[in-house]
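Enquirer: Okay, so here is run.cif, and as you'll see once you scroll down, it has mmCIF, C-alpha atoms.
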```
data_entry
loop_
_atom_site.group_PDB
_atom_site.id
_atom_site.type_symbol
_atom_site.label_atom_id
_atom_site.label_comp_id
_atom_site.auth_asym_id
_atom_site.auth_seq_id
_atom_site.Cartn_x
_atom_site.Cartn_y
_atom_site.Cartn_z
ATOM 1 C CA MET A 1 -65.113 -7.795 -36.480
ATOM 2 C CA ILE A 2 -66.025 -4.680 -34.572
ATOM 3 C CA ALA A 3 -65.196 -1.405 -36.280
ATOM 4 C CA ILE A 4 -63.522 1.155 -34.011
ATOM 5 C CA PRO A 5 -63.372 4.751 -35.150
ATOM 6 C CA ILE A 6 -59.845 6.057 -35.825
ATOM 7 C CA THR A 7 -60.201 8.911 -33.300
ATOM 8 C CA LEU A 8 -61.105 6.439 -30.544
ATOM 9 C CA ARG A 9 -58.045 4.290 -31.381
ATOM 10 C CA ARG A 10 -55.833 7.373 -31.219
ATOM 11 C CA ILE A 11 -57.287 8.402 -27.857
ATOM 12 C CA VAL A 12 -56.776 4.903 -26.416
ATOM 13 C CA THR A 13 -53.191 4.775 -27.720
ATOM 14 C CA LEU A 14 -52.472 8.206 -26.278
ATOM 15 C CA LEU A 15 -53.896 7.154 -22.880
ATOM 16 C CA ILE A 16 -51.740 4.005 -22.837
ATOM 17 C CA VAL A 17 -48.582 5.954 -23.615
ATOM 18 C CA ALA A 18 -49.430 8.687 -21.077
ATOM 19 C CA THR A 19 -50.087 6.085 -18.371
ATOM 20 C CA ALA A 20 -46.775 4.314 -19.059
ATOM 21 C CA VAL A 21 -44.882 7.610 -18.827
ATOM 22 C CA ALA A 22 -46.734 8.927 -15.767
ATOM 23 C CA PHE A 23 -46.578 5.673 -13.766
ATOM 24 C CA PRO A 24 -43.285 3.869 -14.442
ATOM 25 C CA ARG A 25 -43.375 0.258 -13.415
ATOM 26 C CA VAL A 26 -41.288 -0.963 -10.502
ATOM 27 C CA ALA A 27 -39.937 -3.740 -12.718
ATOM 28 C CA PHE A 28 -37.944 -1.169 -14.671
ATOM 29 C CA THR A 29 -36.262 0.442 -11.665
ATOM 30 C CA GLN A 30 -32.652 -0.374 -10.877
ATOM 31 C CA CYS A 31 -30.045 0.534 -8.334
ATOM 32 C CA ALA A 32 -27.631 3.202 -9.375
ATOM 33 C CA GLY A 33 -24.208 1.584 -9.653
ATOM 34 C CA ILE A 34 -20.923 3.156 -8.711
ATOM 35 C CA ARG A 35 -18.422 4.353 -11.301
ATOM 36 C CA GLU A 36 -15.629 2.369 -9.666
ATOM 37 C CA GLU A 37 -17.423 -0.969 -10.081
ATOM 38 C CA GLY A 38 -15.885 -3.562 -12.399
ATOM 39 C CA ARG A 39 -12.538 -5.153 -13.266
ATOM 40 C CA TRP A 40 -9.731 -2.685 -13.862
ATOM 41 C CA ARG A 41 -6.348 -3.394 -15.510
ATOM 42 C CA ASN A 42 -3.181 -1.553 -14.532
ATOM 43 C CA LEU A 43 -1.897 0.564 -17.437
ATOM 44 C CA ASP A 44 1.673 0.119 -16.158
ATOM 45 C CA ASN A 45 2.640 -3.402 -17.279
ATOM 46 C CA ASN A 46 5.210 -3.625 -14.468
ATOM 47 C CA GLY A 47 2.913 -2.132 -11.804
ATOM 48 C CA GLU A 48 1.311 -4.154 -9.050
ATOM 49 C CA PRO A 49 -1.461 -4.935 -8.533
ATOM 50 C CA SER A 50 -2.153 -6.018 -12.109
ATOM 51 C CA TYR A 51 -5.939 -6.008 -11.693
ATOM 52 C CA ILE A 52 -8.483 -4.643 -9.230
ATOM 53 C CA ASP A 53 -12.049 -5.946 -8.901
ATOM 54 C CA ILE A 54 -14.544 -3.588 -7.264
ATOM 55 C CA LYS A 55 -18.102 -4.651 -6.503
ATOM 56 C CA MET A 56 -21.227 -3.165 -4.981
ATOM 57 C CA VAL A 57 -22.859 -5.860 -2.812
ATOM 58 C CA GLY A 58 -26.353 -5.972 -1.345
ATOM 59 C CA GLY A 59 -29.596 -4.380 -2.393
ATOM 60 C CA CYS A 60 -30.371 -0.812 -3.180
ATOM 61 C CA GLY A 61 -31.049 -0.189 0.473
ATOM 62 C CA ASP A 62 -34.012 2.001 -0.390
ATOM 63 C CA GLN A 63 -36.668 -0.496 -1.466
ATOM 64 C CA VAL A 64 -39.965 -0.205 0.407
ATOM 65 C CA LEU A 65 -42.809 -2.742 0.212
ATOM 66 C CA ASN A 66 -46.032 -2.056 2.131
ATOM 67 C CA GLY A 67 -44.271 0.607 4.152
ATOM 68 C CA GLU A 68 -41.426 -1.726 5.235
ATOM 69 C CA GLN A 69 -37.768 -1.420 4.246
ATOM 70 C CA THR A 70 -36.888 -4.476 2.154
ATOM 71 C CA GLY A 71 -33.522 -3.640 0.602
ATOM 72 C CA SER A 72 -30.408 -4.900 2.313
ATOM 73 C CA SER A 73 -27.667 -2.454 3.115
ATOM 74 C CA THR A 74 -25.219 -1.707 0.347
ATOM 75 C CA HIS A 75 -21.504 -2.200 0.841
ATOM 76 C CA TYR A 76 -18.469 -2.343 -1.414
ATOM 77 C CA THR A 77 -15.674 -4.855 -1.838
ATOM 78 C CA MET A 78 -12.237 -4.717 -3.396
ATOM 79 C CA ARG A 79 -9.964 -7.542 -4.540
ATOM 80 C CA VAL A 80 -6.501 -7.077 -5.997
ATOM 81 C CA TRP A 81 -4.675 -9.489 -8.295
ATOM 82 C CA VAL A 82 -0.893 -9.692 -8.432
ATOM 83 C CA LYS A 83 1.262 -11.497 -10.964
ATOM 84 C CA GLN A 84 3.332 -14.355 -9.576
ATOM 85 C CA SER A 85 6.773 -15.330 -10.856
ATOM 86 C CA THR A 86 5.107 -18.239 -12.709
ATOM 87 C CA GLY A 87 3.062 -15.742 -14.730
ATOM 88 C CA LYS A 88 -0.214 -16.755 -13.067
ATOM 89 C CA PHE A 89 -2.329 -14.269 -11.160
ATOM 90 C CA TYR A 90 -3.009 -14.532 -7.432
ATOM 91 C CA GLY A 91 -6.089 -12.896 -5.958
ATOM 92 C CA ARG A 92 -5.521 -11.505 -2.501
ATOM 93 C CA PRO A 93 -8.487 -11.972 -0.144
ATOM 94 C CA THR A 94 -11.463 -9.685 -0.813
ATOM 95 C CA VAL A 95 -11.724 -6.743 1.592
ATOM 96 C CA ASN A 96 -14.513 -4.316 2.393
ATOM 97 C CA ALA A 97 -14.176 -0.776 1.106
ATOM 98 C CA VAL A 98 -15.862 2.486 2.091
ATOM 99 C CA TYR A 99 -16.093 5.953 0.612
ATOM 100 C CA ARG A 100 -13.927 8.511 2.400
ATOM 101 C CA PRO A 101 -13.149 12.140 1.623
ATOM 102 C CA TRP A 102 -9.639 12.759 0.310
ATOM 103 C CA LYS A 103 -8.217 15.532 -1.868
ATOM 104 C CA ARG A 104 -11.622 17.274 -1.815
ATOM 105 C CA GLN A 105 -13.347 14.252 -3.441
ATOM 106 C CA GLN A 106 -14.916 10.957 -2.379
ATOM 107 C CA TRP A 107 -12.515 8.017 -2.822
ATOM 108 C CA LEU A 108 -13.249 4.339 -2.261
ATOM 109 C CA GLN A 109 -10.768 3.054 0.301
ATOM 110 C CA GLY A 110 -9.901 -0.499 1.362
ATOM 111 C CA ASN A 111 -7.020 -2.060 3.306
ATOM 112 C CA VAL A 112 -5.336 -5.054 1.639
ATOM 113 C CA SER A 113 -2.880 -7.207 3.608
ATOM 114 C CA THR A 114 0.235 -8.095 1.623
ATOM 115 C CA GLY A 115 2.490 -9.896 4.093
ATOM 116 C CA GLY A 116 4.619 -7.406 6.027
ATOM 117 C CA TYR A 117 2.571 -4.487 4.714
ATOM 118 C CA GLN A 118 -0.964 -3.217 4.762
ATOM 119 C CA ASP A 119 -1.763 -1.566 1.448
ATOM 120 C CA GLN A 120 -4.187 1.274 1.999
ATOM 121 C CA MET A 121 -5.835 1.398 -1.446
ATOM 122 C CA TRP A 122 -7.506 4.665 -2.467
ATOM 123 C CA VAL A 123 -9.392 4.511 -5.793
ATOM 124 C CA HIS A 124 -11.404 7.091 -7.721
ATOM 125 C CA VAL A 125 -12.683 7.257 -11.320
ATOM 126 C CA GLU A 126 -11.539 10.266 -13.317
ATOM 127 C CA GLU A 127 -11.779 11.328 -16.937
ATOM 128 C CA ARG A 128 -8.294 11.044 -18.411
ATOM 129 C CA ASP A 129 -7.263 10.857 -22.047
ATOM 130 C CA GLN A 130 -10.958 11.215 -22.961
ATOM 131 C CA ARG A 131 -12.033 8.041 -21.144
ATOM 132 C CA SER A 132 -12.857 6.904 -17.645
ATOM 133 C CA GLN A 133 -9.827 5.620 -15.765
ATOM 134 C CA LEU A 134 -9.354 4.453 -12.209
ATOM 135 C CA HIS A 135 -6.860 6.589 -10.309
ATOM 136 C CA VAL A 136 -5.214 4.379 -7.688
ATOM 137 C CA PHE A 137 -3.082 5.652 -4.845
ATOM 138 C CA ILE A 138 -1.533 3.052 -2.528
ATOM 139 C CA LYS A 139 -0.012 3.772 0.860
ATOM 140 C CA HIS A 140 2.177 0.735 1.649
ATOM 141 C CA LYS A 141 2.141 0.857 5.444
ATOM 142 C CA SER A 142 4.870 -1.295 7.003
ATOM 143 C CA LEU A 143 3.765 -3.636 9.779
ATOM 144 C CA GLU A 144 7.376 -4.406 10.680
ATOM 145 C CA SER A 145 10.623 -2.455 10.721
ATOM 146 C CA LYS A 146 10.667 -1.987 6.921
ATOM 147 C CA PRO A 147 10.131 1.519 5.573
ATOM 148 C CA SER A 148 6.653 2.534 4.415
ATOM 149 C CA SER A 149 6.181 3.780 0.871
ATOM 150 C CA GLN A 150 3.527 4.828 -1.597
ATOM 151 C CA SER A 151 2.724 4.298 -5.260
ATOM 152 C CA GLU A 152 0.289 5.704 -7.780
ATOM 153 C CA TYR A 153 -1.195 4.056 -10.888
ATOM 154 C CA TRP A 154 -3.884 4.460 -13.513
ATOM 155 C CA PHE A 155 -6.184 1.571 -14.476
ATOM 156 C CA ALA A 156 -8.595 1.052 -17.384
ATOM 157 C CA LYS A 157 -11.511 -1.358 -17.908
#
```
As structure tokens, how would this structure be written, given the file I've shared?

Expert:
Amino acid sequence: MIAIPITLRRIVTLLIVATAVAFPRVAFTQCAGIREEGRWRNLDNNGEPSYIDIKMVGGCGDQVLNGEQTGSSTHYTMRVWVKQSTGKFYGRPTVNAVYRPWKRQQWLQGNVSTGGYQDQMWVHVEERDQRSQLHVFIKHKSLESKPSSQSEYWFAK
């Protein structure tokens, strides 16, 4: 066995740690997710929708390999779940969502068709009751002669 002086071992260890800190490996990098992402449950047991699924789809959009953009563009989707009279949940078709300014903040907005209405869903995560909750504002826009309306709910993960 080769004897290595203690000072040399300390220097080598220090160099390894310094290199790991100074040059983080690409394998450890990740996309930054959005706060709205995930499955959210309506805190109002009689409120509809009962659940909302929000996803970030695509790559980071900022990955570069050999000077070429490799990440696909990022977009967001929203799917709402409503409770049927049988007690089972029905997932309305997934829709695309985009960030839009509203009430001096960025809200994720998607349009969900619900028969004679188009629900304009506006969602934003806020700290409420010392935890993150999804603030949901829905503009129920009538596509027929029915009156339009609006509703507001809070959701939790």

Enquirer: Within 12 Å of Gln105 of chain A, counting all atoms listed in the file, which residues qualify if same-chain residues fewer than 6 places away don't, as a PyMOL selection string?

Expert: chain A and resi 99+122-126

Enquirer: Counting all atoms listed in the file, figure out which residue out of A:Leu108, A:Gln133, A:Thr77, A:Tyr117 gets nearest to Ser145 of chain A.

Expert: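 Closest to Ser145 of chain A of all the choices is A:Tyr117.
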
Enquirer: Near Trp40 of chain A, within 9 Å and counting all atoms listed in the file, which residues show up once chain neighbours fewer than 5 positions away are dropped, as an MDAnalysis selection string?

Expert: chainID A and resid 50:54 133:134 155:157

Enquirer: What is the distance, in Å and to one decimal place, between atom CA of Glu144 of chain A and atom CA of Gly87 of chain A?

Expert: 28.2 Å

Enquirer: What's around Met121 of chain A at 7 Å? Count all atoms listed in the file, leave out sequence neighbours fewer than 5 positions away in its own chain, and write the answer as a list in words.

Expert: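 Listing them by chain and then by number gives Gln109, Gly110, Asn111, Val136, Phe137, Ile138 and Lys139 of chain A.
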
Enquirer: For segment 109-123 of chain A, take all atoms listed in the file, fit an axis-aligned box around them, add 6 Å to each of the six sides, then output centre and edge lengths in Å rounded to one decimal, as lines of an AutoDock Vina configuration file.

Expert:
```
center_x = -3.1
center_y = -2.6
center_z = 0.1
size_x = 27.4
size_y = 26.6
size_z = 23.8
```

Enquirer: Smallest atom-to-atom distance to His75 of chain A: which of A:Gly115, A:Tyr90, A:Ile34, A:Glu48, using all atoms listed in the file?

Expert: A:Ile34

Enquirer: For Met78 of chain A, which of A:Gln106, A:Leu43, A:Gly38, A:Glu152 is the closest residue, counting all atoms listed in the file?

Expert: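 Looking only at the distances to Met78 of chain A, the closest residue turns out to be A:Gly38.
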
Enquirer: Between atom CA of Asn96 of chain A and atom CA of Met56 of chain A, what is the distance, to one decimal in Å?

Expert: 10.0 Å

Enquirer: Suppose you want the space between atom CA of Asn45 of chain A and atom CA of Gly91 of chain A; what is it in Å?

Expert: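 If I compute the distance from atom CA of Asn45 of chain A to atom CA of Gly91 of chain A, I get 17.2 Å.
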